[in-house]
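Structure, as structure tokens:
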Amino acid sequence: MREKINQRVSVVTVFSAKQRAAAPYLISWQNKDYQVGKIGYHHTVRQGETLHHIYELVDKDNTMSFRLNFDTSNLHWTLEAVSDGNSY
């Protein structure tokens, strides 16, 4: 079931010079670490002068999906939503 969270989380990010891109690698939420698996999509949204990077991704075990928001004005990560894959 997809649940809105809107909590700040810690995220380890990696940068690839070859691809010229940064991406989340590890999410720490509720005293548990989730290694990032496949990133479904990444897009940007501008709110006023602030640019937000939005990521939809799954963990390495493909059991949880996450929606992350990276706010470039303060460099904070917010977990906007999470889903465990169950529809109930």
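We label chains A, B, ... in the order they appear in the structure tokens, count residues from 1 in each chain, and number ligands from 1 in the order shown.
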Within 8 Å of Asp84 of chain A, counting only C-alpha atoms, which residues show up once you throw out same-chain ones fewer than 5 positions away? Write them as a ChimeraX atom specification, please. /A:1-2,63-65
Could you please take those selected residues and save N, CA and C atoms as a short mmCIF file (atom, residue, chain, number, x, y, z; two decimals), in the first residue's frame?
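Written file, again_32.cif:
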data_model
loop_
_atom_site.label_atom_id
_atom_site.label_comp_id
_atom_site.auth_asym_id
_atom_site.auth_seq_id
_atom_site.Cartn_x
_atom_site.Cartn_y
_atom_site.Cartn_z
N MET A 1 0.83 -1.17 0.00
CA MET A 1 0.00 0.00 0.00
C MET A 1 0.89 1.25 0.00
N ARG A 2 0.59 2.20 -0.84
CA ARG A 2 1.36 3.44 -0.92
C ARG A 2 0.90 4.38 0.19
N THR A 63 11.50 -4.98 -2.64
CA THR A 63 10.36 -5.20 -1.76
C THR A 63 9.68 -3.90 -1.35
N MET A 64 10.38 -2.78 -1.45
CA MET A 64 9.84 -1.48 -1.06
C MET A 64 10.10 -0.49 -2.19
N SER A 65 9.15 0.42 -2.39
CA SER A 65 9.38 1.51 -3.34
C SER A 65 9.31 2.83 -2.59
#
Contacts of Ser28 of chain A at 12 Å (only C-alpha atoms; same-chain gap of 5+ positions) as a PyMOL selection string: chain A and resi 7-13+33-36+59+66+68+77-79
Using C-alpha atoms, can you export the residues from the last selection as a PDB file, in the first residue's frame?
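Output contents, as saved in result-v7.pdb:
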ATOM      1  CA  GLN A   7       9.726  12.867   6.609  1.00  0.00           C
ATOM      2  CA  ARG A   8      13.318  13.994   6.347  1.00  0.00           C
ATOM      3  CA  VAL A   9      15.666  11.089   5.738  1.00  0.00           C
ATOM      4  CA  SER A  10      19.389  10.535   5.414  1.00  0.00           C
ATOM      5  CA  VAL A  11      20.567   9.594   1.936  1.00  0.00           C
ATOM      6  CA  VAL A  12      24.003   8.514   0.741  1.00  0.00           C
ATOM      7  CA  THR A  13      24.499   9.764  -2.801  1.00  0.00           C
ATOM      8  CA  ASP A  33      19.083   1.234   5.818  1.00  0.00           C
ATOM      9  CA  TYR A  34      17.711   0.498   2.357  1.00  0.00           C
ATOM     10  CA  GLN A  35      20.178   0.082  -0.480  1.00  0.00           C
ATOM     11  CA  VAL A  36      18.779   1.548  -3.680  1.00  0.00           C
ATOM     12  CA  ASP A  59      15.241  -1.010  -2.807  1.00  0.00           C
ATOM     13  CA  PHE A  66      10.219   5.074  -2.376  1.00  0.00           C
ATOM     14  CA  LEU A  68      12.378  10.926  -2.652  1.00  0.00           C
ATOM     15  CA  TRP A  77      16.134  14.884   1.386  1.00  0.00           C
ATOM     16  CA  THR A  78      12.461  14.165   2.080  1.00  0.00           C
ATOM     17  CA  LEU A  79      10.814  10.772   1.830  1.00  0.00           C
TER      18      LEU A  79
END
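Distances from A:Leu26, A:Gly37, A:Lys32, A:Arg20 to Asp61 of chain A were compared using only C-alpha atoms, and the smallest one belongs to A:Gly37.
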Gly40 of chain A: which residues within 8 Å, counting only C-alpha atoms, same-chain residues fewer than 5 positions away excluded, as an MDAnalysis selection string? chainID A and resid 55:58
Quick one: DSSP strand (DSSP E or B) residues in chain A, as JSON, numbers by chain? {"A": [2, 3, 4, 5, 6, 7, 8, 10, 11, 12, 13, 14, 15, 16, 21, 22, 23, 24, 25, 26, 27, 28, 29, 32, 33, 34, 35, 36, 37, 38, 39, 40, 41, 42, 43, 44, 45, 46, 47, 50, 51, 52, 53, 54, 55, 56, 57, 58, 59, 65, 66, 67, 68, 69, 70, 71, 76, 77, 78, 79, 80, 81, 82, 83]}
Since we have the selection now, will you write its residues out, keeping C-alpha atoms, as a PDB file, in the first residue's frame?
ATOM      1  CA  ARG A   2       1.359   3.440  -0.918  1.00  0.00           C
ATOM      2  CA  GLU A   3       1.556   5.726   2.084  1.00  0.00           C
ATOM      3  CA  LYS A   4       2.431   9.427   2.219  1.00  0.00           C
ATOM      4  CA  ILE A   5       5.279   9.987   4.649  1.00  0.00           C
ATOM      5  CA  ASN A   6       6.842  13.484   4.203  1.00  0.00           C
ATOM      6  CA  GLN A   7       9.726  12.867   6.609  1.00  0.00           C
ATOM      7  CA  ARG A   8      13.318  13.994   6.347  1.00  0.00           C
ATOM      8  CA  SER A  10      19.389  10.535   5.414  1.00  0.00           C
ATOM      9  CA  VAL A  11      20.567   9.594   1.936  1.00  0.00           C
ATOM     10  CA  VAL A  12      24.003   8.514   0.741  1.00  0.00           C
ATOM     11  CA  THR A  13      24.499   9.764  -2.801  1.00  0.00           C
ATOM     12  CA  VAL A  14      27.007   8.699  -5.459  1.00  0.00           C
ATOM     13  CA  PHE A  15      28.304  10.698  -8.390  1.00  0.00           C
ATOM     14  CA  SER A  16      29.428   9.132 -11.655  1.00  0.00           C
ATOM     15  CA  ALA A  21      25.004  12.214 -12.819  1.00  0.00           C
ATOM     16  CA  ALA A  22      24.345  11.927  -9.102  1.00  0.00           C
ATOM     17  CA  ALA A  23      21.899   9.400  -7.679  1.00  0.00           C
ATOM     18  CA  PRO A  24      20.791   8.101  -4.285  1.00  0.00           C
ATOM     19  CA  TYR A  25      22.608   4.958  -3.157  1.00  0.00           C
ATOM     20  CA  LEU A  26      21.381   4.308   0.401  1.00  0.00           C
ATOM     21  CA  ILE A  27      18.318   5.549   2.311  1.00  0.00           C
ATOM     22  CA  SER A  28      18.227   5.578   6.118  1.00  0.00           C
ATOM     23  CA  TRP A  29      14.652   5.644   7.420  1.00  0.00           C
ATOM     24  CA  LYS A  32      16.900   0.905   8.895  1.00  0.00           C
ATOM     25  CA  ASP A  33      19.083   1.234   5.818  1.00  0.00           C
ATOM     26  CA  TYR A  34      17.711   0.498   2.357  1.00  0.00           C
ATOM     27  CA  GLN A  35      20.178   0.082  -0.480  1.00  0.00           C
ATOM     28  CA  VAL A  36      18.779   1.548  -3.680  1.00  0.00           C
ATOM     29  CA  GLY A  37      18.041  -0.854  -6.502  1.00  0.00           C
ATOM     30  CA  LYS A  38      16.559   0.377  -9.758  1.00  0.00           C
ATOM     31  CA  ILE A  39      15.605   4.028 -10.183  1.00  0.00           C
ATOM     32  CA  GLY A  40      12.280   4.056 -12.020  1.00  0.00           C
ATOM     33  CA  TYR A  41      12.472   7.708 -12.941  1.00  0.00           C
ATOM     34  CA  HIS A  42      14.036  11.004 -12.015  1.00  0.00           C
ATOM     35  CA  HIS A  43      12.659  14.410 -12.884  1.00  0.00           C
ATOM     36  CA  THR A  44      13.001  17.973 -11.686  1.00  0.00           C
ATOM     37  CA  VAL A  45      10.360  20.419 -10.512  1.00  0.00           C
ATOM     38  CA  ARG A  46      10.906  24.124  -9.959  1.00  0.00           C
ATOM     39  CA  GLN A  47       8.994  25.869  -7.162  1.00  0.00           C
ATOM     40  CA  THR A  50      14.071  26.264  -5.784  1.00  0.00           C
ATOM     41  CA  LEU A  51      14.807  23.207  -7.873  1.00  0.00           C
ATOM     42  CA  HIS A  52      13.607  19.822  -6.542  1.00  0.00           C
ATOM     43  CA  HIS A  53      14.907  16.492  -7.824  1.00  0.00           C
ATOM     44  CA  ILE A  54      12.222  13.796  -7.545  1.00  0.00           C
ATOM     45  CA  TYR A  55      13.215  10.123  -7.590  1.00  0.00           C
ATOM     46  CA  GLU A  56      10.944   7.070  -7.768  1.00  0.00           C
ATOM     47  CA  LEU A  57      12.941   3.959  -6.927  1.00  0.00           C
ATOM     48  CA  VAL A  58      12.907   0.521  -5.358  1.00  0.00           C
ATOM     49  CA  ASP A  59      15.241  -1.010  -2.807  1.00  0.00           C
ATOM     50  CA  SER A  65       9.385   1.513  -3.336  1.00  0.00           C
ATOM     51  CA  PHE A  66      10.219   5.074  -2.376  1.00  0.00           C
ATOM     52  CA  ARG A  67       9.542   8.590  -3.635  1.00  0.00           C
ATOM     53  CA  LEU A  68      12.378  10.926  -2.652  1.00  0.00           C
ATOM     54  CA  ASN A  69      12.597  14.699  -2.990  1.00  0.00           C
ATOM     55  CA  PHE A  70      15.978  16.474  -2.970  1.00  0.00           C
ATOM     56  CA  ASP A  71      15.591  20.201  -2.250  1.00  0.00           C
ATOM     57  CA  HIS A  76      17.688  18.197   2.394  1.00  0.00           C
ATOM     58  CA  TRP A  77      16.134  14.884   1.386  1.00  0.00           C
ATOM     59  CA  THR A  78      12.461  14.165   2.080  1.00  0.00           C
ATOM     60  CA  LEU A  79      10.814  10.772   1.830  1.00  0.00           C
ATOM     61  CA  GLU A  80       7.469  11.732   0.317  1.00  0.00           C
ATOM     62  CA  ALA A  81       5.900   8.282  -0.042  1.00  0.00           C
ATOM     63  CA  VAL A  82       6.665   4.626   0.470  1.00  0.00           C
ATOM     64  CA  SER A  83       5.020   1.420  -0.711  1.00  0.00           C
TER      65      SER A  83
END
